[in-house]
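**Q** Just dropping this structure here.
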Amino acid sequence: MMAELTVPIHARYQWPSKLKYVEIVVKNPRLSVYCAEFGLDGCGKNVIKAPCVYLNTGTCNWMPLFYSTNSRNLAMLVPVGNVQHATVIAVVTVLITFTGCFLLLSVLVLRKKQQKKD
């Protein structure tokens with residue numbers, strides 16, 4: 001049997017470093033089958049406990065599937081932040097945050113004054 005799968009990957013921005021790029025490795029996926037499909041004896045001893053459904057607190061029994069692939073783990077370069085820019089970025093972030101808060105509060109105060117006049 002043969003299958004082809006394409007999955008978009010979003011690489012998160014990495015921690016600041018003196019390097020410009022960091023190599024990250026995305027390993028091949030693990031495949032599992034829900035044990036209830038095979039009955040109680042169908043899974044054998046190789047059972048993995050994992051969530052039944054996304055965002056569900058319960059767990060179910062899953063049987064790992066072993067497969068072979070002709071592709072290696074995916075390695076890619078991801079840009080990292082520059083450590084020397086940390087102070088500038090922190091100051092600009094705080095200034096923008098305070099400016100936004102000031103603008104929101106001034107709009108609220110002006111609207112409240114306007115409502116009192118009416």
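Here, A, B, ... name the chains of the structure tokens in the order displayed, residue numbers run from 1 inside each chain, and ligands are numbered from 1 in the same displayed order.
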Quick one: everything within 9 Å of Tyr67 of chain A, counting only C-alpha atoms, minus sequence neighbours fewer than 2 positions away in the same chain. Send it as a list in words.
**A**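 Those residues are Arg30, Leu31, Leu65 and Thr69 of chain A.
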**Q** Can I get the selection written as a PDB file, in the first residue's frame, with N, CA and C atoms?
**A**
ATOM      1  N   ARG A  30       3.922   9.453  14.322  1.00  0.00           N
ATOM      2  CA  ARG A  30       3.571   8.132  14.821  1.00  0.00           C
ATOM      3  C   ARG A  30       2.112   7.899  14.440  1.00  0.00           C
ATOM      4  N   LEU A  31       1.797   6.727  13.955  1.00  0.00           N
ATOM      5  CA  LEU A  31       0.432   6.387  13.566  1.00  0.00           C
ATOM      6  C   LEU A  31      -0.155   5.408  14.565  1.00  0.00           C
ATOM      7  N   LEU A  65       0.812   1.749  14.924  1.00  0.00           N
ATOM      8  CA  LEU A  65       1.036   1.101  13.629  1.00  0.00           C
ATOM      9  C   LEU A  65       2.474   1.349  13.227  1.00  0.00           C
ATOM     10  N   THR A  69       8.977   4.359   5.640  1.00  0.00           N
ATOM     11  CA  THR A  69       8.865   5.534   4.786  1.00  0.00           C
ATOM     12  C   THR A  69      10.184   5.745   4.070  1.00  0.00           C
TER      13      THR A  69
END
**Q** Excluding segment 47-62 of chain A and any residue of its chain fewer than 2 positions from it, enumerate the residues within 10 Å of it, using only C-alpha atoms, and give them as a list in words.
**A** Leu31, Ser32, Val33, Tyr34, Cys35, Ala36, Glu37, Leu40, Cys43, Gly44, Lys45, Pro64 and Leu65 of chain A
**Q** Please extract the residues of chain A with a backbone DSSP assignment of strand (DSSP E or B) and present them as an MDAnalysis selection string.
**A** chainID A and resid 14:17 21:26 31:34 48:51 59:65 74:82
**Q** A:Val26, A:Val92, A:Met1, A:Cys101: which is nearest Leu77 of chain A, counting only C-alpha atoms?
**A**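 Ranked by minimum distance to Leu77 of chain A, first place goes to A:Val26.
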**Q** What gap, in Å, lies between atom CA of Lys18 of chain A and atom CA of Val83 of chain A?
**A**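 These two atoms are separated by 6.2 Å.
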**Q** List the neighbours of segment 5-13 of chain A out to 9 Å using only C-alpha atoms; skip same-chain residues closer than 6 positions along the sequence, and give me the result as a compact mmCIF listing (two decimals) with C-alpha atoms, in the first residue's frame.
**A**
# COMPACT_ATOMS: atom_id res chain seq x y z
CA ILE A 24 14.92 22.44 13.79
CA MET A 76 14.67 23.32 8.25
CA VAL A 78 14.22 29.04 11.21
CA PRO A 79 15.23 32.67 11.79
CA VAL A 80 15.96 33.66 15.39
CA GLY A 81 15.86 37.01 17.15
**Q** Taking into account only C-alpha atoms, which residue in the set A:Pro29, A:Gln14, A:Leu19, A:Thr99 is nearest to Phe66 of chain A?
**A**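 For Phe66 of chain A, the nearest of the candidates is A:Pro29.
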**Q** Suppose you want the space between atom CA of Asn82 of chain A and atom CA of Val22 of chain A; what is it in Å?
**A**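 That distance, rounded to one decimal, is 11.9 Å.
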**Q** List every residue of chain A that DSSP, applied to the backbone of this structure, places in alpha helix (DSSP H), and write the result as a PDB file with N, CA, C and O atoms, in the first residue's frame.
**A**
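Written out: out.pdb:
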ATOM      1  N   ALA A  86      17.260  43.068  22.105  1.00  0.00           N
ATOM      2  CA  ALA A  86      16.300  42.799  23.176  1.00  0.00           C
ATOM      3  C   ALA A  86      15.862  44.058  23.909  1.00  0.00           C
ATOM      4  O   ALA A  86      14.669  44.250  24.164  1.00  0.00           O
ATOM      5  N   THR A  87      16.777  44.954  24.245  1.00  0.00           N
ATOM      6  CA  THR A  87      16.426  46.168  24.983  1.00  0.00           C
ATOM      7  C   THR A  87      15.540  47.074  24.137  1.00  0.00           C
ATOM      8  O   THR A  87      14.516  47.585  24.620  1.00  0.00           O
ATOM      9  N   VAL A  88      15.897  47.273  22.888  1.00  0.00           N
ATOM     10  CA  VAL A  88      15.105  48.131  21.998  1.00  0.00           C
ATOM     11  C   VAL A  88      13.703  47.561  21.827  1.00  0.00           C
ATOM     12  O   VAL A  88      12.703  48.288  21.898  1.00  0.00           O
ATOM     13  N   ILE A  89      13.604  46.258  21.628  1.00  0.00           N
ATOM     14  CA  ILE A  89      12.297  45.631  21.435  1.00  0.00           C
ATOM     15  C   ILE A  89      11.445  45.756  22.704  1.00  0.00           C
ATOM     16  O   ILE A  89      10.253  46.045  22.628  1.00  0.00           O
ATOM     17  N   ALA A  90      12.042  45.576  23.865  1.00  0.00           N
ATOM     18  CA  ALA A  90      11.300  45.693  25.121  1.00  0.00           C
ATOM     19  C   ALA A  90      10.789  47.118  25.319  1.00  0.00           C
ATOM     20  O   ALA A  90       9.624  47.325  25.689  1.00  0.00           O
ATOM     21  N   VAL A  91      11.618  48.124  25.062  1.00  0.00           N
ATOM     22  CA  VAL A  91      11.210  49.525  25.240  1.00  0.00           C
ATOM     23  C   VAL A  91      10.087  49.882  24.268  1.00  0.00           C
ATOM     24  O   VAL A  91       9.075  50.492  24.646  1.00  0.00           O
ATOM     25  N   VAL A  92      10.235  49.504  23.013  1.00  0.00           N
ATOM     26  CA  VAL A  92       9.199  49.814  22.013  1.00  0.00           C
ATOM     27  C   VAL A  92       7.891  49.113  22.363  1.00  0.00           C
ATOM     28  O   VAL A  92       6.809  49.706  22.252  1.00  0.00           O
ATOM     29  N   THR A  93       7.958  47.878  22.816  1.00  0.00           N
ATOM     30  CA  THR A  93       6.748  47.139  23.196  1.00  0.00           C
ATOM     31  C   THR A  93       6.031  47.825  24.349  1.00  0.00           C
ATOM     32  O   THR A  93       4.805  47.990  24.324  1.00  0.00           O
ATOM     33  N   VAL A  94       6.768  48.241  25.374  1.00  0.00           N
ATOM     34  CA  VAL A  94       6.159  48.925  26.525  1.00  0.00           C
ATOM     35  C   VAL A  94       5.549  50.259  26.088  1.00  0.00           C
ATOM     36  O   VAL A  94       4.433  50.602  26.493  1.00  0.00           O
ATOM     37  N   LEU A  95       6.241  51.027  25.259  1.00  0.00           N
ATOM     38  CA  LEU A  95       5.708  52.310  24.787  1.00  0.00           C
ATOM     39  C   LEU A  95       4.424  52.125  23.991  1.00  0.00           C
ATOM     40  O   LEU A  95       3.446  52.868  24.186  1.00  0.00           O
ATOM     41  N   ILE A  96       4.392  51.171  23.104  1.00  0.00           N
ATOM     42  CA  ILE A  96       3.189  50.921  22.307  1.00  0.00           C
ATOM     43  C   ILE A  96       2.037  50.460  23.198  1.00  0.00           C
ATOM     44  O   ILE A  96       0.886  50.894  23.027  1.00  0.00           O
ATOM     45  N   THR A  97       2.331  49.631  24.179  1.00  0.00           N
ATOM     46  CA  THR A  97       1.293  49.162  25.092  1.00  0.00           C
ATOM     47  C   THR A  97       0.706  50.317  25.901  1.00  0.00           C
ATOM     48  O   THR A  97      -0.517  50.455  26.019  1.00  0.00           O
ATOM     49  N   PHE A  98       1.564  51.167  26.460  1.00  0.00           N
ATOM     50  CA  PHE A  98       1.076  52.316  27.233  1.00  0.00           C
ATOM     51  C   PHE A  98       0.307  53.295  26.353  1.00  0.00           C
ATOM     52  O   PHE A  98      -0.706  53.857  26.773  1.00  0.00           O
ATOM     53  N   THR A  99       0.770  53.508  25.129  1.00  0.00           N
ATOM     54  CA  THR A  99       0.060  54.406  24.217  1.00  0.00           C
ATOM     55  C   THR A  99      -1.330  53.869  23.907  1.00  0.00           C
ATOM     56  O   THR A  99      -2.313  54.619  23.917  1.00  0.00           O
ATOM     57  N   GLY A 100      -1.433  52.585  23.639  1.00  0.00           N
ATOM     58  CA  GLY A 100      -2.742  51.975  23.379  1.00  0.00           C
ATOM     59  C   GLY A 100      -3.667  52.080  24.575  1.00  0.00           C
ATOM     60  O   GLY A 100      -4.851  52.412  24.433  1.00  0.00           O
ATOM     61  N   CYS A 101      -3.148  51.833  25.779  1.00  0.00           N
ATOM     62  CA  CYS A 101      -3.959  51.957  26.995  1.00  0.00           C
ATOM     63  C   CYS A 101      -4.424  53.398  27.196  1.00  0.00           C
ATOM     64  O   CYS A 101      -5.583  53.651  27.543  1.00  0.00           O
ATOM     65  N   PHE A 102      -3.523  54.348  26.973  1.00  0.00           N
ATOM     66  CA  PHE A 102      -3.874  55.761  27.124  1.00  0.00           C
ATOM     67  C   PHE A 102      -4.978  56.151  26.149  1.00  0.00           C
ATOM     68  O   PHE A 102      -5.939  56.845  26.513  1.00  0.00           O
ATOM     69  N   LEU A 103      -4.857  55.740  24.905  1.00  0.00           N
ATOM     70  CA  LEU A 103      -5.880  56.066  23.907  1.00  0.00           C
ATOM     71  C   LEU A 103      -7.231  55.452  24.265  1.00  0.00           C
ATOM     72  O   LEU A 103      -8.274  56.116  24.153  1.00  0.00           O
ATOM     73  N   LEU A 104      -7.237  54.212  24.696  1.00  0.00           N
ATOM     74  CA  LEU A 104      -8.491  53.574  25.096  1.00  0.00           C
ATOM     75  C   LEU A 104      -9.134  54.280  26.284  1.00  0.00           C
ATOM     76  O   LEU A 104     -10.343  54.541  26.296  1.00  0.00           O
ATOM     77  N   LEU A 105      -8.329  54.592  27.297  1.00  0.00           N
ATOM     78  CA  LEU A 105      -8.873  55.289  28.475  1.00  0.00           C
ATOM     79  C   LEU A 105      -9.384  56.680  28.122  1.00  0.00           C
ATOM     80  O   LEU A 105     -10.425  57.111  28.616  1.00  0.00           O
ATOM     81  N   SER A 106      -8.674  57.400  27.249  1.00  0.00           N
ATOM     82  CA  SER A 106      -9.139  58.738  26.866  1.00  0.00           C
ATOM     83  C   SER A 106     -10.455  58.669  26.106  1.00  0.00           C
ATOM     84  O   SER A 106     -11.345  59.500  26.311  1.00  0.00           O
ATOM     85  N   VAL A 107     -10.634  57.680  25.256  1.00  0.00           N
ATOM     86  CA  VAL A 107     -11.905  57.521  24.545  1.00  0.00           C
ATOM     87  C   VAL A 107     -13.025  57.212  25.529  1.00  0.00           C
ATOM     88  O   VAL A 107     -14.125  57.778  25.433  1.00  0.00           O
ATOM     89  N   LEU A 108     -12.768  56.352  26.493  1.00  0.00           N
ATOM     90  CA  LEU A 108     -13.784  56.017  27.487  1.00  0.00           C
ATOM     91  C   LEU A 108     -14.166  57.234  28.324  1.00  0.00           C
ATOM     92  O   LEU A 108     -15.341  57.473  28.603  1.00  0.00           O
ATOM     93  N   VAL A 109     -13.188  58.011  28.748  1.00  0.00           N
ATOM     94  CA  VAL A 109     -13.458  59.200  29.561  1.00  0.00           C
ATOM     95  C   VAL A 109     -14.242  60.226  28.747  1.00  0.00           C
ATOM     96  O   VAL A 109     -15.217  60.816  29.229  1.00  0.00           O
ATOM     97  N   LEU A 110     -13.856  60.457  27.497  1.00  0.00           N
ATOM     98  CA  LEU A 110     -14.568  61.422  26.649  1.00  0.00           C
ATOM     99  C   LEU A 110     -16.008  60.981  26.397  1.00  0.00           C
ATOM    100  O   LEU A 110     -16.919  61.809  26.401  1.00  0.00           O
ATOM    101  N   ARG A 111     -16.237  59.726  26.195  1.00  0.00           N
ATOM    102  CA  ARG A 111     -17.606  59.237  25.984  1.00  0.00           C
ATOM    103  C   ARG A 111     -18.443  59.392  27.250  1.00  0.00           C
ATOM    104  O   ARG A 111     -19.619  59.721  27.192  1.00  0.00           O
ATOM    105  N   LYS A 112     -17.828  59.137  28.400  1.00  0.00           N
ATOM    106  CA  LYS A 112     -18.570  59.270  29.656  1.00  0.00           C
ATOM    107  C   LYS A 112     -18.949  60.738  29.895  1.00  0.00           C
ATOM    108  O   LYS A 112     -20.063  61.033  30.305  1.00  0.00           O
ATOM    109  N   LYS A 113     -18.032  61.674  29.600  1.00  0.00           N
ATOM    110  CA  LYS A 113     -18.333  63.098  29.746  1.00  0.00           C
ATOM    111  C   LYS A 113     -19.425  63.517  28.784  1.00  0.00           C
ATOM    112  O   LYS A 113     -20.308  64.299  29.111  1.00  0.00           O
ATOM    113  N   GLN A 114     -19.384  62.964  27.575  1.00  0.00           N
ATOM    114  CA  GLN A 114     -20.373  63.302  26.560  1.00  0.00           C
ATOM    115  C   GLN A 114     -21.750  62.779  26.973  1.00  0.00           C
ATOM    116  O   GLN A 114     -22.759  63.434  26.759  1.00  0.00           O
ATOM    117  N   GLN A 115     -21.820  61.617  27.602  1.00  0.00           N
ATOM    118  CA  GLN A 115     -23.087  61.053  28.041  1.00  0.00           C
ATOM    119  C   GLN A 115     -23.674  61.864  29.191  1.00  0.00           C
ATOM    120  O   GLN A 115     -24.884  62.000  29.309  1.00  0.00           O
ATOM    121  N   LYS A 116     -22.825  62.425  30.046  1.00  0.00           N
ATOM    122  CA  LYS A 116     -23.313  63.244  31.161  1.00  0.00           C
ATOM    123  C   LYS A 116     -23.912  64.547  30.650  1.00  0.00           C
ATOM    124  O   LYS A 116     -24.852  65.060  31.228  1.00  0.00           O
ATOM    125  N   LYS A 117     -23.371  65.102  29.566  1.00  0.00           N
ATOM    126  CA  LYS A 117     -23.889  66.348  28.997  1.00  0.00           C
ATOM    127  C   LYS A 117     -25.264  66.125  28.380  1.00  0.00           C
ATOM    128  O   LYS A 117     -26.111  67.004  28.406  1.00  0.00           O
TER     129      LYS A 117
END
